[in-house]
Structure formats: structure tokens, C-alpha cells
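Everything below belongs to coords.csv, which stores CSV, C-alpha atoms.
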```csv
chain,number,residue,atom,x,y,z
Y,1233,MET,CA,-55.2,206.4,54.7
Y,1234,ASN,CA,-57.2,209.3,56.0
Y,1235,VAL,CA,-61.0,209.8,55.9
Y,1236,HIS,CA,-60.4,213.0,53.9
Y,1237,ASP,CA,-58.6,211.0,51.2
Y,1238,ASP,CA,-61.8,209.2,50.2
Y,1239,MET,CA,-63.9,212.3,49.9
Y,1240,ASN,CA,-64.7,214.0,46.6
Y,1241,ASP,CA,-64.6,217.8,46.5
Y,1242,THR,CA,-68.3,218.2,47.2
Y,1243,ASP,CA,-68.2,215.8,50.1
Y,1244,LEU,CA,-65.2,217.6,51.6
Y,1245,LEU,CA,-66.9,221.0,51.3
Y,1246,THR,CA,-70.0,219.5,52.8
Y,1247,ALA,CA,-68.0,218.1,55.7
Y,1248,ALA,CA,-66.3,221.4,56.2
Y,1249,ARG,CA,-69.7,223.2,56.2
Y,1250,ASP,CA,-71.1,220.8,58.7
Y,1251,ARG,CA,-68.1,221.2,61.0
Y,1252,LEU,CA,-68.2,225.0,60.7
Y,1253,SER,CA,-72.0,225.0,61.3
Y,1254,ALA,CA,-71.5,223.1,64.5
Y,1255,MET,CA,-69.5,225.9,66.0
Y,1256,PRO,CA,-71.4,227.8,68.6
Y,1257,LEU,CA,-72.2,231.4,67.8
Y,1258,GLY,CA,-73.4,234.2,70.0
Y,1259,SER,CA,-77.0,235.4,69.7
Y,1260,PRO,CA,-77.7,237.7,66.9
Y,1261,PRO,CA,-78.0,241.4,67.8
Y,1262,ASP,CA,-81.3,243.1,68.1
Y,1263,VAL,CA,-82.5,244.0,64.6
Y,1264,GLU,CA,-83.7,247.4,66.1
Y,1265,ALA,CA,-80.1,248.2,67.1
Y,1266,ILE,CA,-78.9,247.2,63.6
Y,1267,MET,CA,-81.5,249.5,62.0
Y,1268,ALA,CA,-80.6,252.3,64.4
Y,1269,GLY,CA,-77.0,251.9,63.3
Y,1270,GLY,CA,-78.1,252.0,59.7
Y,1271,ARG,CA,-80.1,255.1,60.2
Y,1272,ALA,CA,-77.1,256.8,61.9
Y,1273,ARG,CA,-75.0,255.8,58.9
Y,1274,ARG,CA,-77.6,257.2,56.5
Y,1275,ARG,CA,-77.7,260.5,58.5
Y,1276,ARG,CA,-73.9,260.8,58.5
Y,1277,ARG,CA,-73.9,260.2,54.7
Y,1278,LEU,CA,-76.4,263.0,54.3
Y,1279,ILE,CA,-74.6,265.6,56.4
Y,1280,PRO,CA,-72.3,267.6,54.0
Y,1281,GLY,CA,-68.8,268.0,55.2
Y,1282,MET,CA,-68.9,265.3,57.9
Y,1283,THR,CA,-65.5,263.6,57.7
Y,1284,GLY,CA,-64.4,260.1,58.2
Y,1285,THR,CA,-62.7,261.2,61.3
Y,1286,LEU,CA,-65.9,262.3,62.8
Y,1287,ALA,CA,-67.6,259.1,61.8
Y,1288,VAL,CA,-64.9,257.1,63.5
Y,1289,ALA,CA,-65.1,259.2,66.6
Y,1290,ALA,CA,-68.8,258.6,66.7
Y,1291,GLY,CA,-68.1,254.9,66.4
Y,1292,ALA,CA,-65.8,255.1,69.3
Y,1293,ALA,CA,-68.3,257.0,71.4
Y,1294,LEU,CA,-70.8,254.3,70.6
Y,1295,ALA,CA,-68.4,251.8,71.9
Y,1296,VAL,CA,-68.3,253.4,75.3
Y,1297,THR,CA,-71.9,253.0,75.8
Y,1298,ALA,CA,-72.8,250.1,73.6
Y,1299,LEU,CA,-70.0,247.6,74.1
Y,1300,THR,CA,-70.7,246.8,77.6
Y,1301,PRO,CA,-71.0,243.1,78.3
Y,1302,ALA,CA,-74.5,241.8,78.3
Y,1303,SER,CA,-74.3,241.0,82.0
Y,1304,HIS,CA,-73.7,244.6,82.7
Y,1305,GLN,CA,-76.5,246.0,80.7
Y,1306,ALA,CA,-79.1,245.4,83.3
Y,1307,THR,CA,-77.4,247.7,85.7
Y,1308,ARG,CA,-75.6,250.2,83.5
Y,1309,GLN,CA,-77.8,250.3,80.4
Y,1310,PRO,CA,-81.4,249.6,81.1
Y,1311,LYS,CA,-82.4,250.0,77.4
Y,1312,PRO,CA,-81.6,247.4,74.8
Y,1313,GLN,CA,-78.2,248.2,73.4
Y,1314,PRO,CA,-76.8,248.0,69.9
Y,1315,THR,CA,-74.8,245.0,69.1
Y,1316,VAL,CA,-71.2,244.5,70.1
Y,1317,LYS,CA,-69.9,246.4,67.2
Y,1318,LEU,CA,-67.8,249.5,66.7
Y,1319,ALA,CA,-65.4,251.1,64.4
Y,1320,ALA,CA,-62.4,251.5,66.6
Y,1321,TRP,CA,-62.3,249.0,69.4
Y,1322,SER,CA,-64.5,246.8,71.5
Y,1323,VAL,CA,-64.4,245.5,75.0
Y,1324,THR,CA,-66.2,242.3,76.0
Y,1325,GLU,CA,-66.1,240.2,79.2
Y,1326,LYS,CA,-65.9,236.5,78.9
Y,1327,ALA,CA,-67.7,234.1,81.1
Y,1328,ASN,CA,-64.5,233.3,82.9
Y,1329,GLY,CA,-64.0,237.0,83.7
Y,1330,ASN,CA,-61.3,237.7,81.1
Y,1331,ILE,CA,-61.6,241.0,79.3
Y,1332,THR,CA,-61.1,240.9,75.6
Y,1333,VAL,CA,-60.1,244.1,73.9
Y,1334,ILE,CA,-60.2,244.2,70.1
Y,1335,VAL,CA,-58.3,247.2,68.9
Y,1336,ARG,CA,-58.6,248.4,65.3
Y,1337,GLU,CA,-57.9,252.0,66.0
Y,1338,LEU,CA,-57.5,253.7,69.3
Y,1339,ALA,CA,-59.6,256.7,68.4
Y,1340,ASP,CA,-60.8,257.3,71.9
Y,1341,PRO,CA,-58.2,256.4,74.6
Y,1342,ASP,CA,-60.4,257.9,77.4
Y,1343,GLY,CA,-63.4,255.9,76.3
Y,1344,LEU,CA,-61.4,252.7,76.3
Y,1345,GLN,CA,-60.1,253.5,79.7
Y,1346,SER,CA,-63.6,254.3,81.1
Y,1347,THR,CA,-64.9,251.1,79.6
Y,1348,LEU,CA,-62.2,248.9,81.1
Y,1349,ARG,CA,-62.7,250.6,84.5
Y,1350,ALA,CA,-66.4,250.0,84.2
Y,1351,ASP,CA,-65.7,246.4,83.7
Y,1352,GLY,CA,-63.7,246.3,86.9
Y,1353,VAL,CA,-60.2,246.5,85.5
Y,1354,PRO,CA,-58.0,249.1,87.2
Y,1355,ALA,CA,-56.8,250.6,83.9
Y,1356,ASN,CA,-54.9,253.5,82.5
Y,1357,VAL,CA,-54.9,254.2,78.8
Y,1358,THR,CA,-52.3,256.6,77.6
Y,1359,VAL,CA,-51.0,258.1,74.4
Y,1360,LEU,CA,-47.3,257.3,74.0
Y,1361,GLY,CA,-45.3,260.4,74.2
Y,1362,HIS,CA,-47.7,261.8,76.8
Y,1363,PRO,CA,-47.0,259.7,79.9
Y,1364,ASP,CA,-49.4,260.0,82.8
Y,1365,PRO,CA,-47.3,261.4,85.7
Y,1366,SER,CA,-49.7,259.8,88.2
Y,1367,CYS,CA,-48.7,256.3,87.2
Y,1368,ARG,CA,-45.7,254.3,88.5
Y,1369,PRO,CA,-44.5,251.1,86.8
Y,1370,TYR,CA,-45.2,247.9,88.7
Y,1371,PRO,CA,-42.3,245.5,88.9
Y,1372,MET,CA,-43.1,242.8,86.4
Y,1373,SER,CA,-41.6,239.5,85.4
Y,1374,GLN,CA,-42.3,237.9,82.1
Y,1375,ALA,CA,-44.4,235.2,83.8
Y,1376,LEU,CA,-46.5,237.9,85.5
Y,1377,PHE,CA,-46.9,239.8,82.3
Y,1378,ARG,CA,-48.0,236.6,80.4
Y,1379,SER,CA,-50.4,235.7,83.2
Y,1380,VAL,CA,-52.2,239.1,82.9
Y,1381,TYR,CA,-52.0,239.7,79.2
Y,1382,GLN,CA,-52.5,237.4,76.2
Y,1383,ALA,CA,-52.5,238.6,72.6
Y,1384,ASP,CA,-53.9,237.2,69.5
Y,1385,LYS,CA,-52.7,238.7,66.3
Y,1386,THR,CA,-55.4,237.4,64.0
Y,1387,ALA,CA,-53.9,236.5,60.7
Y,1388,ALA,CA,-56.7,237.4,58.4
Y,1389,SER,CA,-57.8,240.8,59.6
Y,1390,GLY,CA,-54.7,242.1,61.4
Y,1391,ASP,CA,-56.8,243.4,64.2
Y,1392,THR,CA,-55.2,243.2,67.7
Y,1393,VAL,CA,-57.0,241.1,70.3
Y,1394,LEU,CA,-55.7,241.7,73.7
Y,1395,VAL,CA,-57.0,239.5,76.5
Y,1396,ILE,CA,-56.7,240.7,80.1
Y,1397,ASP,CA,-57.1,238.4,83.0
Y,1398,PRO,CA,-58.0,240.7,85.9
Y,1399,SER,CA,-57.8,237.8,88.4
Y,1400,ALA,CA,-54.0,237.5,87.6
Y,1401,LEU,CA,-53.3,241.1,88.7
Y,1402,PRO,CA,-51.4,241.3,91.9
Y,1403,SER,CA,-53.0,243.2,94.7
Y,1404,GLY,CA,-52.3,246.9,94.1
Y,1405,ALA,CA,-51.5,246.5,90.4
Y,1406,GLY,CA,-53.4,247.8,87.4
Y,1407,VAL,CA,-53.0,247.6,83.6
Y,1408,GLN,CA,-51.7,250.3,81.4
Y,1409,ILE,CA,-52.1,250.3,77.7
Y,1410,GLY,CA,-50.1,252.9,75.8
Y,1411,ALA,CA,-50.7,253.7,72.2
Y,1412,THR,CA,-49.5,256.1,69.6
Y,1413,VAL,CA,-52.2,258.2,68.1
Y,1414,GLY,CA,-51.3,259.6,64.8
Y,1415,PRO,CA,-51.4,263.4,64.8
Y,1416,ASP,CA,-52.1,263.5,61.1
Y,1417,ALA,CA,-55.3,261.5,61.7
Y,1418,GLY,CA,-56.8,264.0,64.1
Y,1419,GLY,CA,-56.7,261.5,66.9
Y,1420,ARG,CA,-58.3,259.0,64.6
Y,1421,GLY,CA,-55.9,256.2,64.5
Y,1422,LEU,CA,-52.9,254.4,65.6
Y,1423,HIS,CA,-49.8,254.9,63.7
Y,1424,ARG,CA,-46.3,253.6,63.8
Y,1425,ALA,CA,-44.6,254.8,66.9
Y,1426,ASP,CA,-41.6,257.0,66.8
Y,1427,VAL,CA,-38.9,254.6,68.0
Y,1428,ASN,CA,-37.0,257.0,70.3
Y,1429,GLN,CA,-40.1,258.6,71.6
Y,1430,ALA,CA,-41.7,255.3,72.4
Y,1431,ILE,CA,-38.7,253.9,74.2
Y,1432,HIS,CA,-38.0,257.2,76.0
Y,1433,HIS,CA,-41.5,257.5,77.4
Y,1434,ALA,CA,-42.2,253.8,78.0
Y,1435,VAL,CA,-43.5,253.3,81.5
Y,1436,HIS,CA,-41.8,250.0,81.6
Y,1437,GLN,CA,-40.0,248.0,79.0
Y,1438,PRO,CA,-40.4,244.3,79.5
Y,1439,ALA,CA,-37.3,242.3,78.7
Y,1440,HIS,CA,-39.2,240.4,76.0
Y,1441,GLN,CA,-40.8,243.4,74.5
Y,1442,ALA,CA,-38.8,243.4,71.3
Y,1443,ARG,CA,-39.4,245.2,68.0
Y,1444,ALA,CA,-40.1,248.6,69.5
Y,1445,ASP,CA,-39.9,250.0,66.0
Y,1446,ASN,CA,-43.2,248.3,65.3
Y,1447,SER,CA,-45.0,249.2,68.5
Y,1448,VAL,CA,-48.3,250.9,68.4
Y,1449,LEU,CA,-49.7,249.3,71.5
Y,1450,ARG,CA,-47.8,248.7,74.7
Y,1451,ALA,CA,-49.3,246.8,77.6
Y,1452,VAL,CA,-47.6,247.1,81.0
Y,1453,LEU,CA,-48.5,247.0,84.7
Y,1454,VAL,CA,-48.6,250.0,87.0
Y,1455,TYR,CA,-49.3,250.5,90.6
Y,1456,ALA,CA,-53.1,251.0,91.0
Y,1457,SER,CA,-54.2,254.3,92.4
Y,1458,PRO,CA,-57.3,256.5,92.1
Y,1459,GLN,CA,-55.2,259.0,90.0
Y,1460,CYS,CA,-53.7,256.4,87.7
Y,1461,THR,CA,-56.1,253.6,87.3
Y,1462,GLY,CA,-59.3,255.0,88.9
Y,1463,GLY,CA,-61.1,254.2,92.1
U,228,MET,CA,-93.1,248.7,61.9
U,229,SER,CA,-93.4,249.6,58.2
U,230,ASN,CA,-93.4,247.0,55.4
U,231,GLU,CA,-89.9,248.0,54.6
U,232,GLN,CA,-88.7,247.5,58.2
U,233,SER,CA,-90.5,244.1,58.4
U,234,GLU,CA,-88.9,243.0,55.2
U,235,PHE,CA,-85.5,243.9,56.4
U,236,ALA,CA,-86.1,242.3,59.8
U,237,GLU,CA,-87.1,239.1,58.1
U,238,PHE,CA,-84.0,239.2,55.9
U,239,PHE,CA,-81.8,239.9,58.9
U,240,ARG,CA,-83.2,237.0,61.0
U,241,ALA,CA,-82.9,234.6,58.1
U,242,SER,CA,-79.5,235.7,56.9
U,243,TRP,CA,-77.6,236.6,60.1
U,244,GLU,CA,-76.3,233.1,60.8
U,245,PRO,CA,-75.2,232.0,57.2
U,246,CYS,CA,-73.6,235.4,56.6
U,247,LEU,CA,-71.8,235.2,60.0
U,248,ARG,CA,-70.6,231.7,59.3
U,249,ALA,CA,-69.4,232.7,55.9
U,250,VAL,CA,-67.4,235.7,57.2
U,251,LEU,CA,-66.1,233.6,60.1
U,252,THR,CA,-64.8,231.1,57.6
U,253,VAL,CA,-62.8,233.9,56.0
U,254,VAL,CA,-61.6,236.0,59.0
U,255,GLY,CA,-61.3,233.1,61.4
U,256,HIS,CA,-62.2,235.0,64.6
U,257,PRO,CA,-65.8,235.0,65.9
U,258,GLN,CA,-65.8,238.4,67.6
U,259,LEU,CA,-64.3,240.1,64.5
U,260,ALA,CA,-66.7,238.3,62.3
U,261,GLU,CA,-69.6,239.4,64.4
U,262,ASP,CA,-68.4,243.0,64.3
U,263,GLN,CA,-68.0,243.0,60.6
U,264,VAL,CA,-71.3,241.3,59.8
U,265,ALA,CA,-73.2,243.7,62.2
U,266,GLU,CA,-71.6,246.6,60.4
U,267,ALA,CA,-72.5,245.1,57.0
U,268,PHE,CA,-76.2,244.7,58.1
U,269,GLU,CA,-76.2,248.3,59.2
U,270,ARG,CA,-75.0,249.3,55.8
U,271,ALA,CA,-77.6,247.0,54.2
U,272,TRP,CA,-80.3,248.8,56.1
U,273,ALA,CA,-78.9,252.2,55.3
U,274,SER,CA,-79.0,251.2,51.6
U,275,TRP,CA,-82.0,248.8,51.8
U,276,ARG,CA,-83.8,250.1,48.7
U,277,LYS,CA,-80.7,249.1,46.7
U,278,VAL,CA,-79.8,246.0,48.6
U,279,ARG,CA,-83.3,244.5,48.5
U,280,ARG,CA,-83.2,244.5,44.7
U,281,HIS,CA,-79.7,243.0,44.6
U,282,PRO,CA,-79.7,239.5,43.0
U,283,ALA,CA,-77.9,238.0,46.0
U,284,PRO,CA,-78.4,240.3,49.0
U,285,ARG,CA,-76.7,237.8,51.4
U,286,ALA,CA,-73.6,237.9,49.2
U,287,TRP,CA,-73.8,241.7,49.3
U,288,VAL,CA,-73.7,241.5,53.1
U,289,VAL,CA,-70.8,239.1,53.1
U,290,ARG,CA,-68.8,241.1,50.6
U,291,THR,CA,-69.5,244.3,52.6
U,292,ALA,CA,-68.4,242.7,55.8
U,293,LEU,CA,-65.2,241.4,54.3
U,294,ASN,CA,-64.5,244.7,52.6
U,295,ALA,CA,-64.9,246.4,56.0
U,296,GLY,CA,-62.2,244.1,57.3
U,297,ALA,CA,-60.1,244.5,54.3
U,298,SER,CA,-60.2,248.3,54.6
U,299,TRP,CA,-59.0,248.0,58.2
U,300,TRP,CA,-56.2,245.8,57.0
U,301,ARG,CA,-55.2,248.2,54.3
U,302,ARG,CA,-55.1,251.1,56.8
U,303,ARG,CA,-53.1,249.0,59.2
U,304,SER,CA,-50.6,247.7,56.7
U,305,ARG,CA,-48.1,250.3,57.9
U,306,GLU,CA,-48.9,249.5,61.5
U,307,LEU,CA,-48.1,246.6,63.7
U,308,PRO,CA,-50.3,246.2,66.6
U,309,LEU,CA,-48.6,244.8,69.6
U,310,ALA,CA,-45.0,244.9,70.8
U,311,ASP,CA,-45.0,241.4,72.0
U,312,HIS,CA,-45.5,239.2,69.0
U,313,ASP,CA,-44.3,236.1,70.9
U,314,LEU,CA,-47.4,235.9,73.0
U,315,THR,CA,-49.4,232.8,72.2
U,316,ALA,CA,-53.0,233.0,71.1
U,317,PRO,CA,-55.2,232.6,74.2
U,318,GLY,CA,-57.0,229.3,74.4
U,319,ASP,CA,-60.3,230.8,75.4
U,320,LEU,CA,-60.6,232.6,72.0
U,321,ASP,CA,-61.0,229.2,70.4
U,322,HIS,CA,-63.3,227.8,73.0
U,323,GLY,CA,-65.9,225.7,71.4
U,324,LEU,CA,-64.5,226.2,67.9
U,325,ASP,CA,-63.1,223.6,65.6
U,326,SER,CA,-59.5,224.7,65.9
U,327,SER,CA,-58.1,222.2,63.4
U,328,LEU,CA,-60.5,223.3,60.7
U,329,LEU,CA,-60.0,227.0,61.4
U,330,THR,CA,-56.2,226.4,61.3
U,331,ALA,CA,-56.6,224.7,58.0
U,332,LEU,CA,-58.7,227.5,56.7
U,333,ARG,CA,-56.3,230.1,57.9
U,334,ARG,CA,-53.6,228.6,55.7
U,335,LEU,CA,-55.7,229.1,52.5
U,336,SER,CA,-55.4,232.3,50.7
U,337,PRO,CA,-58.1,234.9,51.6
U,338,ARG,CA,-59.6,234.6,48.1
U,339,GLN,CA,-59.8,230.8,48.4
U,340,ARG,CA,-61.5,231.1,51.8
U,341,GLU,CA,-63.9,233.7,50.3
U,342,VAL,CA,-64.9,231.4,47.4
U,343,ILE,CA,-65.3,228.4,49.7
U,344,ALA,CA,-67.4,230.5,52.2
U,345,LEU,CA,-69.7,231.8,49.4
U,346,ARG,CA,-70.1,228.3,48.1
U,347,ILE,CA,-70.8,226.4,51.2
U,348,PHE,CA,-72.8,228.9,53.3
U,349,LEU,CA,-74.6,231.0,50.7
U,350,ASP,CA,-74.9,228.1,48.2
U,351,LEU,CA,-73.9,230.3,45.3
U,352,ASP,CA,-73.0,228.8,42.0
U,353,THR,CA,-69.7,229.6,40.2
U,354,ASP,CA,-71.1,232.3,38.0
U,355,THR,CA,-72.8,234.1,40.9
U,356,ILE,CA,-69.6,234.0,42.9
U,357,ALA,CA,-67.7,235.3,40.0
U,358,ARG,CA,-70.1,238.3,39.6
U,359,GLN,CA,-70.0,239.0,43.3
U,360,LEU,CA,-66.2,238.9,43.5
U,361,ARG,CA,-65.9,240.6,40.1
U,362,ILE,CA,-63.6,237.9,38.8
U,363,GLU,CA,-63.9,235.3,36.0
U,364,ALA,CA,-65.8,232.1,36.5
U,365,GLY,CA,-62.6,230.2,35.5
U,366,THR,CA,-60.8,232.0,38.3
U,367,VAL,CA,-63.5,231.0,40.8
U,368,ARG,CA,-63.2,227.4,39.7
U,369,MET,CA,-59.4,227.6,40.1
U,370,HIS,CA,-59.6,229.1,43.6
U,371,LEU,CA,-62.2,226.5,44.6
U,372,SER,CA,-60.2,223.7,43.3
U,373,ARG,CA,-57.0,224.8,44.8
U,374,GLY,CA,-58.7,225.7,48.1
U,375,VAL,CA,-60.3,222.3,48.4
U,376,MET,CA,-57.0,220.6,47.5
U,377,ALA,CA,-55.2,222.6,50.2
U,378,LEU,CA,-58.0,222.1,52.7
U,379,ARG,CA,-57.9,218.3,52.1
U,380,ARG,CA,-54.1,218.4,52.5
U,381,GLU,CA,-54.3,220.4,55.7
U,382,LEU,CA,-57.1,218.3,57.2
U,383,THR,CA,-55.3,215.1,56.3
U,384,ALA,CA,-52.1,216.4,57.9
U,385,THR,CA,-53.9,217.5,61.0
U,386,ASN,CA,-55.7,214.2,61.3
U,387,ASN,CA,-52.5,212.3,60.9
U,388,HIS,CA,-50.6,214.5,63.3
U,389,GLY,CA,-53.4,214.2,65.8
U,390,GLY,CA,-53.3,210.4,65.5
```

For this file, produce the structure as C-alpha cells.
Amino acid sequence: MNVHDDMNDTDLLTAARDRLSAMPLGSPPDVEAIMAGGRARRRRRLIPGMTGTLAVAAGAALAVTALTPASHQATRQPKPQPTVKLAAWSVTEKANGNITVIVRELADPDGLQSTLRADGVPANVTVLGHPDPSCRPYPMSQALFRSVYQADKTAASGDTVLVIDPSALPSGAGVQIGATVGPDAGGRGLHRADVNQAIHHAVHQPAHQARADNSVLRAVLVYASPQCTGG
Amino acid sequence: MSNEQSEFAEFFRASWEPCLRAVLTVVGHPQLAEDQVAEAFERAWASWRKVRRHPAPRAWVVRTALNAGASWWRRRSRELPLADHDLTAPGDLDHGLDSSLLTALRRLSPRQREVIALRIFLDLDTDTIARQLRIEAGTVRMHLSRGVMALRRELTATNNHGG
């Protein structure tokens, strides 16, 4: 016999609500930032000919400036910033130092790279098919790979959540995230990688990196250098 | 601050948490839920003259947040995000969360989660949920009944498994 067996439907829903309500949530964003975002949406709606691509690009640009962790805002962004929200991707730093990257679309690889570097991660973000010649693959075991990267493929939304543990990076190593940006999207979104192209240009192909035909993101390690992963 | 701005600010402050919890119930990930709800509130402000007259403005926000997620999902349906699907979900993502309940919810259909979320966090009755989701009231009752049944089964199994 289980406690849930004795509950009627209303009791069960009430119990579920109470348990969900007990989960900690982050602080709500500043309403001024929300209204600023709403005004920007209204303006975009009113500008004839502005495309979705531009709107997404604007969202990605917002991410670079607005998605900095709260602990960084005092030094990098003195003004109150909009909430942790963007159209394409977001980067947040956890209390334990892990960096969480949520990728919906990689509309702005340079922006993602800059944000990761600003968060202290030696990072290089590339477009698959356009390898960065300044980067060299770092020898990588599966155990090392798993200690640096964790992934969460959220079942409901399909968004990719990549967690980077910078403290697990060996001295002299950096992260490299490769993605395929669909040419038909004007740099707007990730699309299915061309199999041969992705494999040919992969900086490093981990032994366990299966299903290359489905790859749109590839996370590997590279030797850190000012040219490849920034100063 | 104008009256309209004050009105929206009050709505935002009172509605952020229930809307976020409702969306979290459906999407199962706090960061994604926050992103989607923030976007929905931005849209609400962008269309405030319409939303403020809506019969259930919180439901409008939740539906907008979930539609934002769904549109991403539709666009990504031909895409798979990460090469290594064998990586396990990181524990810190669930830190402080009721993982057994979230796991149970994830196993419900999206529509079942949506109906349950609207019922328990926005306290909407069956007819209002039906109007918001643009489905029949009988369909709402069916999703609710099946969702509760599945939730009970999952929670019972989780409890038994966990001792």
C-alpha cells in the first residue's frame, strides 16, 4: 500500500501542487527589463520588412550583453540588465562554477564565444565546415570528456543544455564547440550537419561520439592559446 | 510610471511565480521555463491592451510561454542537438528540485501536463482550460483523468522503488 493509493484525484493534484510549489525558484526578473523587452518587440513588429532572422539576431545580440551571470553584472554591466532570456542561447554560471549553456539556435557563434570567455572559460566556437586553423585538438579520453562536459537533452522542449565544468579542464586546455549554421537560414539557426563535411572537419572525434549524422553541436577539447581560445 | 505600466507591473509581480511553476510543470527544466515565461511576459507587455482584457491573462501568459517552446521544438524537429546522447543529465540541474515528481511528470503527455498545470497553478476550471487550449471540455476531463491516473501510477512506482 502506498500513500498515493489512498488519495482521491483532488488530493493527488493538491499534493503534486504542494511539492512543485516547494521547489526553489530564482528571483523574478526586473519588471523594467521585461517591459523594455516588450517595447523592443513592439518596435520590431512595427518596422515593415524586418524579418524573423533579424529578430533572432537581435535576440542573440541581447544575449551577449544581457545573459551575464548576476555575479558579473556589478563589474561588467553596471546597469540593471534584462532577465536571463534570449531567443537563441543563454549562458549562466552556477554557484559551483559550472557554466550552463542552453542552445536553441546558434545564431551568433562569436557572441557565444565572447560570453564564454567573459565567464572565464577558454573557449572557441566554430561553424562546422569552417575549422579554426589556430586550434589544435587536445588529447582527450572519454573520462576527461565527461568530466568537462555534461549534456541534458530535455525531453519536453528539445533544447540542448550543455554544462561545462571549467575546473575539470587540464592546464593548457580549452573547450571548443562546433556547430552547423544553416546557410538557408542566413546564419539564423542550426541545421542537420552534412555527414561527410562534419566528420572531415571535426577537430577531434571522440570514440564515443556516435550518430554523426545527427550532429549539430560538437563539443571537444583544444589546446588553449590566445589565438584559439582567447587570452 | 503610467497607470498602464503600474497595472502591468502589478500583474507581473502577482503572476510571475504561478505562471513559472505552471510552465515548469510542463517543460520540466527551470532555466528553460524561466526563459519562456520571461518571453511570454514581454509579449504580454507588447500586447498589454489586448492581454489586460483577456478573461484569463495568466493563462494567456502560460500558453504563450508554452507556444514559444513548442515553436522551437517544431523548428528543431529535423535537428538533433548533441552528438553524444549517452551523456547523463547533470545532477546540478536538478539541484533542489523534486526529481521523482518531475520524472513522473515527464512521463505524461505534454497535453496532460498542460491541463494539470493550468488546473493546479492557475486554478482554472474545466471549461476555462478548454477555451484556453481550444479543445472540448470532455477532452480536458479525459486528459486530466488520464494524467492523474498516470501520475498516481508513477509516483506509486517511484515510492515503492525508493523503498

Top pick for closest residue to Asn1356 (chain Y), considering Y:Leu1453, Y:Met1239, Y:Ala1268, Y:Leu1245 and counting all atoms listed in the file: Y:Leu1453

Nearest residue to chain Y from the set U:Ser242, U:Trp272, U:Arg279, U:Arg290 (distances using only C-alpha atoms):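 Counting only C-alpha atoms, the residue closest to chain Y is U:Trp272.
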
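Distance annotation: of U:Ile356, U:Ala249, U:Ile343, U:Val254, the residue with the minimal separation from Val288 (chain U) is U:Ala249; atom set is only C-alpha atoms.
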
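Reported to one decimal place, the separation of CA of Gln1345 (chain Y) from CA of Thr1324 (chain Y) is 13.3 Å.
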
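With only C-alpha atoms as the atoms that count, the residue of Y:Cys1367, Y:Leu1394, Y:Val1353, Y:Leu1376 with the shortest distance to Trp1321 (chain Y) is Y:Leu1394.
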
Gap from CA of Pro1458 (chain Y) to CA of Ala1327 (chain Y) - Å, one decimal: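 CA of Ala1327 (chain Y) lies 27.0 Å from CA of Pro1458 (chain Y).
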
Near-Ala1247 (chain Y) list (12 Å; all atoms listed in the file; drop same-chain fewer than 2 positions) as a list in words: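 Here the qualifying residues turn out to be Val1235, His1236, Met1239, Asn1240, Asp1241, Thr1242, Asp1243, Leu1244, Leu1245, Arg1249, Asp1250, Arg1251, Leu1252, Ser1253 and Ala1254 of chain Y; Leu328, Ile347, Val375, Leu378, Arg379 and Leu382 of chain U.
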
Atomic distance CA of Gly1406 (chain Y) - CA of Gly1462 (chain Y), expressed in Å with one decimal: 9.4 Å

Minimum-distance residue to Leu293 (chain U), chosen among U:Val250, U:Glu261, U:Ala344, U:Lys277 (using only C-alpha atoms):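 Going through U:Val250, U:Glu261, U:Ala344, U:Lys277 one by one, the smallest distance to Leu293 (chain U) is for U:Val250.
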
Residue among U:Leu251, U:Ala271, U:Ala364, U:Ala260 lying closest to Leu332 (chain U), counting only C-alpha atoms: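 Using only C-alpha atoms, Leu332 (chain U) sits closest to U:Leu251.
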
Ala292 (chain U) surroundings by all atoms listed in the file, 8 Å radius, close-in-sequence under 2 positions cut, as a PyMOL selection string: chain U and resi 250+263-264+266-267+288-290+294-296

Residues within 10 Å of Val253 (chain U), all atoms listed in the file, excluding chain neighbours under 6 positions, as JSON, numbers by chain: {"Y": [1388, 1389], "U": [247, 260, 289, 293, 329, 332, 333, 335, 336, 337, 338, 339, 340, 341, 342, 343, 344, 345]}
